[in-house]
Amino acid sequence: MASSGRGPFSIHVVVVVLVLLQLLAAGAPVVSASAANNTLRPGEELPKYRRIRAHLKRLNRPSLKTIQSPDGDLIDCVPSHLQPAFDHPMLKGSKPLDPPERPKGHKAGVPTDDNIQLWRTSGETCPEGTVPIRRTKEEDILRASPARRFGRKPVSRTRRDSEGSGHEHAVGYVAGDQYYGAKASLNVWAPRVASSSEFSLSQIWVISGSFGSDLNTIEAGWQVSPQLYGDSSPRFFTYWTTDAYQATGCYNLLCSGFVQTSNRIAVGAAISPTSRYNGMQFDISLLIWKDPKHGNWWLEFGSGVLVGYWPSSLFSHLAGQATMVQFGGEIFNTHASGFHSSTQMGSGHYAQEGFGRAAYFRNLQVVDWDNSLIPAANLRVLADHPNCYDVQARLNTAWGNYFYFGGPGRSIRCP
């Protein structure tokens, strides 16, 4: 016999609808049921939403203009003095500094950045006096595991501590001297990342301190990170830490620290085009160097575009100089299936395949005590899982010191 009364299910639906209406009235973000179920437990929903809302308010600043990227990103043109960097206690009240003198030996070209990032394909750019910042969404934070580490790399990820940590590297490096910067060109690929919690990247590390709790690093390159960005596109990124990735530093502009000065490059935005196997190769140049006058570490992307700087006040060891410079690739292997990850590094092919097939770093240089760019002498290479990802160093007159690197991950060679 049919009943005209409301059962437990219908009452539950009414309660859920009322809660959602209250959240919408309060302006709280509402996410899909699947995302919430993966992240929130009963009784934690409202406090977590409040924390996410507060975090988004800190990250997403008032903008003068918003540009829609073809890949769905929203790029906000934020007045320079309102960017997240100036929330840092040591930077409050500051304004972006004027560009410093480039290192001696730097071949300055006409700054070109058109068609390097997807958001610029429409021809739009941010006005002078603003910086382009990729807008953070609720789902970005909810993908992080745990959410409180959103925008940070997993801990215990340094090259020398990588055995057993899940972080695997194929790199070239110089050590044993004092370094004040580094420069290289690297080709851009879109490697397959097997799990949403894994990543694949190619970058420069500027390093000082011990590989322990006081490690200082400055980093820049490209990466594919589905967890951080929600897709599989290679993206231009920066990173910094002063305590071996424990509590300080972050990717891009996801915390206070890195000061952006360019209105033409969006840190965290997708790079386009990418290299093709047996086809055209697309590479980018990166220069990181310490301004001898003020001591800040500046970043140049592409041909002469100054992106911004890491203030020296952020650091302990890197307030002086670096003791190591490292170039190369890294992946994060979660062993999710009990086997080695099939996440690719670089092109997904081994170094021996060479040009057009393997990833490379070319024209490796460092900045010396005299603010001069010089070849990266005594380059050493290391692959900590060579059956999975390897590296081969070479030398010629056109590319100077260079190397190929990468691999497919799980394979016959890498079970």
# chains A, B, ... in the order shown; residues from 1 in each chain; ligands from 1
>>> residues_around(residues="Asn333 (chain A)", least_positions_apart="3", cutoff="9 Å", atoms="only C-alpha atoms", output="PyMOL selection string")
chain A and resi 165-168+195+197-199+336+340-343
>>> select_by_dssp(residues="region 123-339 of chain A", states="helix (DSSP H, G or I)", output="ChimeraX atom specification")
/A:138-143,147-149,159-161,226-229,312-314,317-319
>>> write_last_selection(atoms="N, CA, C and O atoms", output="compact mmCIF listing (two decimals), in the first residue's frame")
# COMPACT_ATOMS: atom_id res chain seq x y z
N GLU A 138 38.23 26.57 -5.87
CA GLU A 138 37.97 25.65 -4.75
C GLU A 138 38.51 24.26 -5.02
O GLU A 138 39.14 23.63 -4.17
N GLU A 139 38.28 23.78 -6.26
CA GLU A 139 38.68 22.41 -6.58
C GLU A 139 40.19 22.24 -6.56
O GLU A 139 40.70 21.14 -6.32
N ASP A 140 40.94 23.32 -6.82
CA ASP A 140 42.40 23.23 -6.74
C ASP A 140 42.84 22.86 -5.32
O ASP A 140 43.71 22.00 -5.13
N ILE A 141 42.24 23.52 -4.34
CA ILE A 141 42.61 23.25 -2.95
C ILE A 141 42.13 21.87 -2.51
O ILE A 141 42.84 21.14 -1.82
N LEU A 142 40.94 21.48 -2.95
CA LEU A 142 40.39 20.19 -2.56
C LEU A 142 41.19 19.01 -3.13
O LEU A 142 41.18 17.92 -2.56
N ARG A 143 41.88 19.23 -4.25
CA ARG A 143 42.70 18.15 -4.82
C ARG A 143 43.95 17.89 -4.00
O ARG A 143 44.54 16.81 -4.08
N ALA A 147 44.99 19.02 2.33
CA ALA A 147 44.66 20.35 1.82
C ALA A 147 45.54 21.44 2.43
O ALA A 147 45.82 22.44 1.79
N ARG A 148 46.03 21.23 3.67
CA ARG A 148 46.84 22.26 4.31
C ARG A 148 48.19 22.44 3.61
O ARG A 148 48.87 23.44 3.83
N ARG A 149 48.61 21.44 2.79
CA ARG A 149 49.86 21.56 2.05
C ARG A 149 49.64 21.99 0.61
O ARG A 149 50.52 21.83 -0.24
N ARG A 159 67.43 15.67 -3.97
CA ARG A 159 68.09 14.65 -4.76
C ARG A 159 68.87 13.68 -3.91
O ARG A 159 68.81 12.47 -4.09
N ARG A 160 69.61 14.16 -2.92
CA ARG A 160 70.48 13.27 -2.17
C ARG A 160 69.74 12.45 -1.13
O ARG A 160 70.27 11.50 -0.60
N ASP A 161 68.51 12.83 -0.85
CA ASP A 161 67.71 12.07 0.09
C ASP A 161 66.59 11.33 -0.63
O ASP A 161 65.62 10.91 -0.02
N PRO A 226 48.90 17.13 -12.31
CA PRO A 226 47.43 17.12 -12.29
C PRO A 226 46.85 17.54 -10.94
O PRO A 226 45.80 18.18 -10.89
N GLN A 227 47.51 17.17 -9.86
CA GLN A 227 46.98 17.53 -8.55
C GLN A 227 47.00 19.04 -8.32
O GLN A 227 46.05 19.61 -7.79
N LEU A 228 48.07 19.69 -8.73
CA LEU A 228 48.19 21.12 -8.49
C LEU A 228 47.34 21.94 -9.45
O LEU A 228 46.72 22.93 -9.05
N TYR A 229 47.30 21.53 -10.73
CA TYR A 229 46.66 22.37 -11.75
C TYR A 229 45.36 21.80 -12.31
O TYR A 229 44.62 22.50 -12.99
N SER A 312 66.24 38.44 -0.87
CA SER A 312 67.27 37.73 -0.10
C SER A 312 66.86 37.55 1.35
O SER A 312 67.31 36.62 2.02
N SER A 313 65.95 38.42 1.84
CA SER A 313 65.52 38.33 3.24
C SER A 313 64.72 37.07 3.53
O SER A 313 64.52 36.71 4.69
N LEU A 314 64.27 36.36 2.48
CA LEU A 314 63.54 35.12 2.69
C LEU A 314 64.44 34.00 3.19
O LEU A 314 63.98 33.04 3.80
N HIS A 317 70.87 30.56 4.16
CA HIS A 317 72.08 30.27 3.38
C HIS A 317 72.12 31.03 2.06
O HIS A 317 73.16 31.55 1.66
N LEU A 318 70.99 31.09 1.35
CA LEU A 318 70.97 31.78 0.06
C LEU A 318 70.94 33.30 0.20
O LEU A 318 70.94 34.00 -0.81
N ALA A 319 70.95 33.80 1.40
CA ALA A 319 71.16 35.24 1.58
C ALA A 319 72.57 35.60 1.11
O ALA A 319 72.83 36.74 0.75
>>> select_by_dssp(residues="region 83-168 of chain A", states="strand (DSSP E)", output="list of chain:residue names")
A:Thr130, A:Val131, A:Pro132, A:Ile133, A:Arg134, A:His167, A:Glu168
>>> write_last_selection(atoms="N, CA, C and O atoms", output="PDB file, in the first residue's frame")
ATOM      1  N   THR A 130      50.290  46.195 -13.272  1.00  0.00           N
ATOM      2  CA  THR A 130      49.634  45.007 -12.734  1.00  0.00           C
ATOM      3  C   THR A 130      50.475  43.784 -13.050  1.00  0.00           C
ATOM      4  O   THR A 130      51.382  43.830 -13.887  1.00  0.00           O
ATOM      5  N   VAL A 131      50.168  42.671 -12.375  1.00  0.00           N
ATOM      6  CA  VAL A 131      50.825  41.396 -12.664  1.00  0.00           C
ATOM      7  C   VAL A 131      49.757  40.345 -12.907  1.00  0.00           C
ATOM      8  O   VAL A 131      48.718  40.334 -12.233  1.00  0.00           O
ATOM      9  N   PRO A 132      49.969  39.440 -13.890  1.00  0.00           N
ATOM     10  CA  PRO A 132      48.985  38.390 -14.176  1.00  0.00           C
ATOM     11  C   PRO A 132      49.118  37.239 -13.180  1.00  0.00           C
ATOM     12  O   PRO A 132      50.200  36.670 -13.024  1.00  0.00           O
ATOM     13  N   ILE A 133      48.037  36.912 -12.503  1.00  0.00           N
ATOM     14  CA  ILE A 133      48.037  35.838 -11.510  1.00  0.00           C
ATOM     15  C   ILE A 133      46.943  34.835 -11.859  1.00  0.00           C
ATOM     16  O   ILE A 133      45.770  35.215 -12.010  1.00  0.00           O
ATOM     17  N   ARG A 134      47.334  33.568 -11.984  1.00  0.00           N
ATOM     18  CA  ARG A 134      46.357  32.508 -12.257  1.00  0.00           C
ATOM     19  C   ARG A 134      45.430  32.367 -11.055  1.00  0.00           C
ATOM     20  O   ARG A 134      45.872  32.165  -9.938  1.00  0.00           O
ATOM     21  N   HIS A 167      60.704  10.407  -4.824  1.00  0.00           N
ATOM     22  CA  HIS A 167      61.225  11.397  -5.767  1.00  0.00           C
ATOM     23  C   HIS A 167      62.409  10.806  -6.505  1.00  0.00           C
ATOM     24  O   HIS A 167      63.364  10.340  -5.886  1.00  0.00           O
ATOM     25  N   GLU A 168      62.345  10.817  -7.830  1.00  0.00           N
ATOM     26  CA  GLU A 168      63.395  10.228  -8.655  1.00  0.00           C
ATOM     27  C   GLU A 168      63.905  11.267  -9.641  1.00  0.00           C
ATOM     28  O   GLU A 168      63.124  12.047 -10.189  1.00  0.00           O
TER      29      GLU A 168
END
>>> residues_around(residues="Val206 (chain A)", least_positions_apart="3", cutoff="7 Å", atoms="only C-alpha atoms", output="list in words")
Thr217, Ile218, Glu219, Ala322, Met324, Val325 and Gln326 of chain A
>>> residues_around(residues="Lys65 (chain A)", least_positions_apart="4", cutoff="10 Å", atoms="only C-alpha atoms", output="compact mmCIF listing (two decimals) with all heavy atoms, in the first residue's frame")
# COMPACT_ATOMS: atom_id res chain seq x y z
N ILE A 75 43.03 34.43 -15.66
CA ILE A 75 44.22 35.20 -15.32
C ILE A 75 43.77 36.59 -14.86
O ILE A 75 43.22 37.36 -15.64
CB ILE A 75 45.18 35.32 -16.52
CG1 ILE A 75 45.51 33.93 -17.09
CG2 ILE A 75 46.43 36.07 -16.11
CD1 ILE A 75 46.22 33.00 -16.13
N ASP A 76 43.99 36.86 -13.58
CA ASP A 76 43.61 38.15 -13.01
C ASP A 76 44.77 39.13 -13.09
O ASP A 76 45.90 38.79 -12.72
CB ASP A 76 43.19 37.98 -11.55
CG ASP A 76 41.89 37.21 -11.40
OD1 ASP A 76 40.99 37.41 -12.23
OD2 ASP A 76 41.79 36.40 -10.46
N CYS A 77 44.50 40.34 -13.55
CA CYS A 77 45.50 41.40 -13.61
C CYS A 77 45.43 42.19 -12.30
O CYS A 77 44.56 43.06 -12.13
CB CYS A 77 45.26 42.30 -14.81
SG CYS A 77 45.26 41.42 -16.40
N VAL A 78 46.33 41.88 -11.39
CA VAL A 78 46.30 42.41 -10.03
C VAL A 78 47.29 43.56 -9.89
O VAL A 78 48.44 43.44 -10.33
CB VAL A 78 46.64 41.29 -9.02
CG1 VAL A 78 46.72 41.84 -7.60
CG2 VAL A 78 45.62 40.16 -9.11
N PRO A 79 46.90 44.68 -9.31
CA PRO A 79 47.87 45.75 -9.06
C PRO A 79 49.10 45.21 -8.34
O PRO A 79 48.98 44.44 -7.39
CB PRO A 79 47.09 46.74 -8.19
CG PRO A 79 45.65 46.54 -8.60
CD PRO A 79 45.53 45.06 -8.87
N THR A 125 46.82 41.27 -22.85
CA THR A 125 47.82 41.24 -21.79
C THR A 125 47.33 42.11 -20.64
O THR A 125 46.32 42.81 -20.76
CB THR A 125 49.19 41.74 -22.29
OG1 THR A 125 50.19 41.48 -21.30
CG2 THR A 125 49.15 43.23 -22.61
N CYS A 126 48.04 42.04 -19.55
CA CYS A 126 47.65 42.85 -18.39
C CYS A 126 48.21 44.26 -18.52
O CYS A 126 49.30 44.47 -19.07
CB CYS A 126 48.17 42.19 -17.11
SG CYS A 126 47.23 40.73 -16.62
N PRO A 127 47.51 45.25 -17.98
CA PRO A 127 47.98 46.64 -18.07
C PRO A 127 49.28 46.85 -17.29
O PRO A 127 49.60 46.09 -16.37
CB PRO A 127 46.83 47.44 -17.42
CG PRO A 127 45.66 46.53 -17.41
CD PRO A 127 46.20 45.14 -17.32
N THR A 130 50.29 46.20 -13.27
CA THR A 130 49.63 45.01 -12.73
C THR A 130 50.48 43.78 -13.05
O THR A 130 51.38 43.83 -13.89
CB THR A 130 48.22 44.81 -13.32
OG1 THR A 130 48.32 44.44 -14.71
CG2 THR A 130 47.39 46.08 -13.20
N PRO A 132 49.97 39.44 -13.89
CA PRO A 132 48.99 38.39 -14.18
C PRO A 132 49.12 37.24 -13.18
O PRO A 132 50.20 36.67 -13.02
CB PRO A 132 49.34 37.94 -15.59
CG PRO A 132 50.79 38.28 -15.75
CD PRO A 132 51.07 39.46 -14.86
>>> closest_residue(among="A:Val366, A:Gln392, A:Thr66, A:Ala398", to="Ala175 (chain A)", atoms="only C-alpha atoms")
A:Val366
>>> atom_distance(atom1="CA of Phe282 (chain A)", atom2="CA of Ser185 (chain A)")
9.9 Å
>>> atom_distance(atom1="CA of Asp291 (chain A)", atom2="CA of Gly221 (chain A)")
20.2 Å
>>> atom_distance(atom1="CA of Ile52 (chain A)", atom2="CA of Gly72 (chain A)")
20.8 Å
